[in-house]
Every structure is written in C-alpha cells, then in structure tokens.
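Q: One structure follows; several queries about it will come next.
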Amino acid sequence: MTVERVMPTAEARDLLELVRELIAKEVAPRAPGDESAGRFPREVFTTLGRAGLLGLPYPEEHGGAAQPYEVYLQVVEELAAGWLAVGLGLSVHTLSCFPVAAYGTGAQRAALLPEMLGGEWLGAYCLSEPQSGSDAAALVTRAVPDADGYVVDGVKAWITHGGVADFYTLMARTSDDGGRGISCFHVPAGTEGLSYGLPERKMGMRSSPTAQVRFDSVRLASDALLGAEGEGFRIAMAALDGGRLGIAACAVGVAQAALDAATGYAKERRQFGSRIADFQGIGFMLADMATQIAAARALYLDAARLRDAGRPYGTQAAMAKLFATDVCMKVTTDAVQVLGGYGYVEDFPVERYMREAKVLQIVEGTNQVQRVVISRALAR
Ligand SMILES: Cc1cc2nc3c(=O)[nH]c(=O)nc-3n(C[C@H](O)[C@H](O)[C@H](O)COP(=O)(O)OP(=O)(O)OC[C@H]3O[C@@H](n4cnc5c(N)ncnc54)[C@H](O)[C@@H]3O)c2cc1C
C-alpha cells in the first residue's frame, strides 16, 4: 500500500516521488538476494548519494539538502520498508555526519562535509565497546594527546559499516573524568593502525556489515578533534537523539512492509471457502497492526517537528524509538502468523521482517534504556 503522506512543501513531495521510484527500481528488488548472500550493497549508497539523499537534513552550504527532519525521516521510513539494511545505513550515516555538521569548526565543515553529504563517503559511528554498551560513558578506548595530536588505542564493538565505511566518528577517552572525559574525533578509513574484525554473523540485516573496529596506536592530527576536548559524550548523546528518530522511522517502515505483505496474502488465501481476510480473527489482527503503525508514525513525526522547531525533543525521541520498535516487533510477528506456514519460509518476506525487527529494539539504546531516559525526564 502506498502510504498517504502530507509533505510540507512541493519540493518535499517531488523528493518523495524520486525516492519511491528509486526504491522500486534499485533497492527493493535486490533485498532478498543480497540479504541471503550477506552482501553489502555499496553501490546502492553511491546511487543514494548521487540522488542527494545522503545529506538530507544538513545545510545546503556544504552539499546538504536542508530538508526538515520530518521529511528526512519519511525518506528513511520508505527506504527501510524496501530494505532495512539501506534505511538503517542511511540513518547511521546521517548520525555519523552530525558531530562535524553541528560541532565542527568552519574549516572542518568545509573540508569534510562536501564528501560526507555528497555521497562520496559513507560513515560509521563508534561508541559501543565490548564491555560498555548501555553504559556508554564507561568506554575505555583512549586518545592520548602527544606533540601534534593524539594517539588512539582501543576496540569499538558492533559498528555498523565497520570495515566498509570511509570515515569513523569516534568517541574516545581523553581523561578519567567519567562522561566528561570523553572526546569526539573524525578518523578517515585507511588511517594507519586501524583494522577491522570479521562481520558479525547476525540473525537478520545480514547485508549491513557489523564489525569490531580496532585502533592500534592510531595517530590523529589535532584537527581530528570535533568540538572541545571532554565534550564528546554530550555530542554523542545529541547525535543519538536524532539517530533514535531514524531507528523509529526504520521500524515503522519495516512494520508497514509486513502489514502490506500480510494484507495482500490475507485477501488471496482461502480456507473454509472464504478469504482469510474475512475471518474476524485475521481482520482484527490486521486492524490492530494498521492502527499501531499509524500511531508509531505520528509519534516519530511529532518528535521530528519539535526538533525542526528548535525545541527540546530528546524524551519524545526516546518514546518514538521505544514505541515504534516494539510495534515493529509485534506487527512483524503477527504478519508471520497471518501467513501461517508460508510466513515461516523464505518464499515470502515476512520472516525476514521479523528477524529485522528484533535488532531495532536493541540498537541506539535498548528499549530498557529508552525507558530509563523517559522515566528520568518524568522524575526531574
Ligand atoms: C546490529 C547492530 C548494530 C549496531 N551498530 C552500532 C553502531 O553503529 N555503533 C555503536 O556504537 N554501537 C552499535 N551497536 C551496539 C548497540 O548500540 C548496543 O548493542 C546496545 O547499546 C546495547 O549494548 P550491549 O549490547 O552491550 O548490551 P548491555 O548494555 O550489556 O545490555 C544487556 C541487557 O541489559 C539491559 N540493561 C542495561 N542497562 C540497563 C539499565 N540501566 N536498566 C535496565 N536494563 C538495562 C539492556 O537493555 C539489555 O537488555 C549495534 C548493535 C547491533 C546488534
């Protein structure tokens, strides 16, 4: 089903049309085969870059498209419905560009953003470590100042695009002062001392490589530092507020794709002489799925509009991520149920959607962590 969208401008409507065409021609048809083979579709990201989609919410001055977050997220949603590895890849790339765009000096923005936003470079965001996931402020990767910059040692874990990215946005410790001792750095791929683990063997989203990124005496020039020394944790959390909305949009996209597949199937499949869509047990399930998806979409759009208006939106982003990803898990599980045995095999896409949904409840702050964020805001 084509989702009815109210876009804020004619330009945004044209953009949506372009995105839908691109997904139908270049993204969705490749998803099943590449997911089975675990193949990373780098050329799809090149195509997205050439279409101007890798810098949507950033200023035009350095190659962005200056679109409101509300528009950017709906593009992410549509892409994720076509192929989560691509929708989530765009979201992670956009997150990885944020520290340069929001905290970089004029010289850093001029030097780095054109390639980042123009599609030449694909980004990765290095916060998690083997021993620090939810407790990100406990990270131990260290950037030690030396005469003309820093020397970095440590291991980052679970990094989306690890080994295939063109740059790594790194959070590393520059002092022992807890969260206040963390700084943010730009690290180009190919820097000496950078190496990668083998891609993790994941339950789903196998076309999106997730790997350890290792820093072994990696020398960075002083202008690799983004923002002030010690400001890295604040930058990382600000980036994650926007990133969580990207994950919420991905979740709505995957859930919508599952609903569409389940509805199409229920209208064709006959048992006991009737279409299964006409059994109330199935029809009510589809009705609940559609209602939850609409509510999740409204929640992420509401948070995006707060962000676009320059208002605080971190709590609403946590709510949107929590709700949309739980909805996605429920809807994709129900979609498998609607297809019965056919839902459990690879001939239909719903088993893939269900496997993809699970990771969205984990990344960019687990759904327990989102509840911590929301409950702390309530208790303040
Ligand atoms: C496919 C994939 C891609 C990823 N991509 C990236 C990436 O690009 N960059 C990056 O930096 N990281 C990435 N991650 C890491 C991801 O953000 C972490 O897995 C996540 O933050 C959870 O950390 P953890 O796995 O160490 O779990 P833990 O933090 O060890 O949590 C284990 C369990 O304890 C719960 N828990 C922890 N603390 C609390 C608490 N205070 N209250 C209640 N429950 C709690 C958690 O919810 C979870 O259920 C990725 C992970 C995956 C699986």
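Ligands are numbered from 1 in the order shown, residues from 1 within each chain, and chains are lettered A, B, ... in the order they appear in the structure tokens.
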Considering only alpha helix (DSSP H) as DSSP defines it on the backbone, what residues of stretch 95-210 of chain A qualify? List them as a PyMOL selection string.

A: chain A and resi 95-103+106-118

Q: Residues of stretch 190-289 of chain A within 10 Å of stretch 28-45 of chain A: nearest atom pair and distance (Å, one decimal) for each, counting only C-alpha atoms, sorted by chain and number, as a Markdown table?

A:
| residue | atom | partner | partner_atom | distance |
| --- | --- | --- | --- | --- |
| A:Pro199 | CA | A:Gly38 | CA | 9.8 |
| A:Arg201 | CA | A:Gly38 | CA | 9.2 |
| A:Lys202 | CA | A:Gly38 | CA | 9.6 |
| A:Gly204 | CA | A:Glu35 | CA | 8.1 |
| A:Met205 | CA | A:Glu35 | CA | 6.8 |
| A:Arg206 | CA | A:Gly38 | CA | 4.8 |
| A:Ser207 | CA | A:Phe40 | CA | 4.6 |
| A:Ser208 | CA | A:Phe40 | CA | 5.9 |
| A:Pro209 | CA | A:Phe40 | CA | 6.8 |

Q: Name the residues in contact with A:Val350 at a cut-off of 8 Å, using only C-alpha atoms, excluding same-chain residues fewer than 4 positions from it; report them as a list in words.

A: Ala258, Ala261, Ala262, Thr332, Ala335, Val336, Gly343, Tyr344 and Met354 of chain A

Q: Can you pull out the residues contacting stretch 317-326 of chain A? Cut-off 7 Å, using only C-alpha atoms, and skip same-chain residues under 5 positions away; I want them as an MDAnalysis selection string.

A: chainID A and resid 241 244:245 247:248 251:252 296 299:300 303 360:361 367 370 373:374

Q: Per residue of chain A within 8 Å of ligand 1, record the nearest atom pair and its distance in Å to one decimal, counting only C-alpha atoms and all ligand atoms, with rows in chain order and ascending residue number, as JSON lines.

A:
{"residue": "A:Val92", "atom": "CA", "partner": "ligand 1", "partner_atom_place_in_ligand_line": "8 (O)", "distance": 6.6}
{"residue": "A:Ala124", "atom": "CA", "partner": "ligand 1", "partner_atom_place_in_ligand_line": "8 (O)", "distance": 6.0}
{"residue": "A:Tyr125", "atom": "CA", "partner": "ligand 1", "partner_atom_place_in_ligand_line": "9 (N)", "distance": 4.8}
{"residue": "A:Cys126", "atom": "CA", "partner": "ligand 1", "partner_atom_place_in_ligand_line": "11 (O)", "distance": 4.4}
{"residue": "A:Leu127", "atom": "CA", "partner": "ligand 1", "partner_atom_place_in_ligand_line": "11 (O)", "distance": 3.5}
{"residue": "A:Ser128", "atom": "CA", "partner": "ligand 1", "partner_atom_place_in_ligand_line": "11 (O)", "distance": 3.7}
{"residue": "A:Glu129", "atom": "CA", "partner": "ligand 1", "partner_atom_place_in_ligand_line": "11 (O)", "distance": 7.2}
{"residue": "A:Pro130", "atom": "CA", "partner": "ligand 1", "partner_atom_place_in_ligand_line": "26 (O)", "distance": 6.6}
{"residue": "A:Gln131", "atom": "CA", "partner": "ligand 1", "partner_atom_place_in_ligand_line": "26 (O)", "distance": 6.5}
{"residue": "A:Ser132", "atom": "CA", "partner": "ligand 1", "partner_atom_place_in_ligand_line": "26 (O)", "distance": 5.5}
{"residue": "A:Gly133", "atom": "CA", "partner": "ligand 1", "partner_atom_place_in_ligand_line": "26 (O)", "distance": 3.3}
{"residue": "A:Ser134", "atom": "CA", "partner": "ligand 1", "partner_atom_place_in_ligand_line": "29 (O)", "distance": 3.6}
{"residue": "A:Asp135", "atom": "CA", "partner": "ligand 1", "partner_atom_place_in_ligand_line": "29 (O)", "distance": 6.1}
{"residue": "A:Ala136", "atom": "CA", "partner": "ligand 1", "partner_atom_place_in_ligand_line": "21 (O)", "distance": 7.7}
{"residue": "A:Lys156", "atom": "CA", "partner": "ligand 1", "partner_atom_place_in_ligand_line": "11 (O)", "distance": 7.2}
{"residue": "A:Ala157", "atom": "CA", "partner": "ligand 1", "partner_atom_place_in_ligand_line": "12 (N)", "distance": 6.5}
{"residue": "A:Trp158", "atom": "CA", "partner": "ligand 1", "partner_atom_place_in_ligand_line": "50 (C)", "distance": 4.5}
{"residue": "A:Ile159", "atom": "CA", "partner": "ligand 1", "partner_atom_place_in_ligand_line": "8 (O)", "distance": 3.9}
{"residue": "A:Thr160", "atom": "CA", "partner": "ligand 1", "partner_atom_place_in_ligand_line": "8 (O)", "distance": 3.8}
{"residue": "A:His161", "atom": "CA", "partner": "ligand 1", "partner_atom_place_in_ligand_line": "8 (O)", "distance": 7.0}
{"residue": "A:Gly162", "atom": "CA", "partner": "ligand 1", "partner_atom_place_in_ligand_line": "8 (O)", "distance": 7.8}
{"residue": "A:Lys202", "atom": "CA", "partner": "ligand 1", "partner_atom_place_in_ligand_line": "1 (C)", "distance": 7.1}
{"residue": "A:Met205", "atom": "CA", "partner": "ligand 1", "partner_atom_place_in_ligand_line": "1 (C)", "distance": 7.4}
{"residue": "A:Ser208", "atom": "CA", "partner": "ligand 1", "partner_atom_place_in_ligand_line": "1 (C)", "distance": 7.9}
{"residue": "A:Thr210", "atom": "CA", "partner": "ligand 1", "partner_atom_place_in_ligand_line": "3 (C)", "distance": 5.7}
{"residue": "A:Val359", "atom": "CA", "partner": "ligand 1", "partner_atom_place_in_ligand_line": "53 (C)", "distance": 5.8}
{"residue": "A:Ile362", "atom": "CA", "partner": "ligand 1", "partner_atom_place_in_ligand_line": "20 (C)", "distance": 5.5}
{"residue": "A:Val363", "atom": "CA", "partner": "ligand 1", "partner_atom_place_in_ligand_line": "17 (O)", "distance": 4.1}
{"residue": "A:Glu364", "atom": "CA", "partner": "ligand 1", "partner_atom_place_in_ligand_line": "17 (O)", "distance": 4.4}
{"residue": "A:Gly365", "atom": "CA", "partner": "ligand 1", "partner_atom_place_in_ligand_line": "21 (O)", "distance": 4.5}
{"residue": "A:Thr366", "atom": "CA", "partner": "ligand 1", "partner_atom_place_in_ligand_line": "47 (O)", "distance": 4.7}
{"residue": "A:Asn367", "atom": "CA", "partner": "ligand 1", "partner_atom_place_in_ligand_line": "47 (O)", "distance": 6.1}
{"residue": "A:Gln368", "atom": "CA", "partner": "ligand 1", "partner_atom_place_in_ligand_line": "47 (O)", "distance": 4.4}
{"residue": "A:Val369", "atom": "CA", "partner": "ligand 1", "partner_atom_place_in_ligand_line": "47 (O)", "distance": 5.8}
{"residue": "A:Val372", "atom": "CA", "partner": "ligand 1", "partner_atom_place_in_ligand_line": "42 (N)", "distance": 6.5}

Q: Near A:Gln292, within 9 Å and counting only C-alpha atoms, which residues show up once chain neighbours fewer than 5 positions away are dropped, as a list in words?

A: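 Using only C-alpha atoms, the neighbours found are Ala287, Arg297, Ala324, Val327, Cys328 and Val331 of chain A.
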
Q: Taking into account only C-alpha atoms, which residue in the set A:Val71, A:Leu226, A:Met203, A:Ala65 is nearest to A:Thr169?

A: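 When distances to A:Thr169 are compared using only C-alpha atoms, the smallest one comes from A:Leu226.
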
Q: From the set A:Val152, A:Leu122, A:Ala379, A:Val3, which residue has the shortest atom-to-atom contact distance to A:Asp216, counting only C-alpha atoms?

A: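 Checking each of A:Val152, A:Leu122, A:Ala379, A:Val3 against A:Asp216, counting only C-alpha atoms, the winner is A:Val152.
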
Q: Would you return as a ChimeraX atom specification the members of stretch 47-247 of chain A that DSSP assigns to strand (DSSP E) on this structure's backbone?

A: /A:123-126,142-146,149-160,167-173,182-188,194-196,210-221,225-226

Q: Residues at most 6 Å from A:Asp166, counting only C-alpha atoms, excluding those fewer than 2 positions away in the same chain, as a PyMOL selection string?

A: chain A and resi 121-123+189

Q: Pick out the closest residue to A:His93 from this set: A:Gly163, A:Gly243, A:Gly179, A:Pro145. Count only C-alpha atoms.

A: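 Between A:Gly163, A:Gly243, A:Gly179, A:Pro145, the residue approaching A:His93 most closely is A:Gly243.
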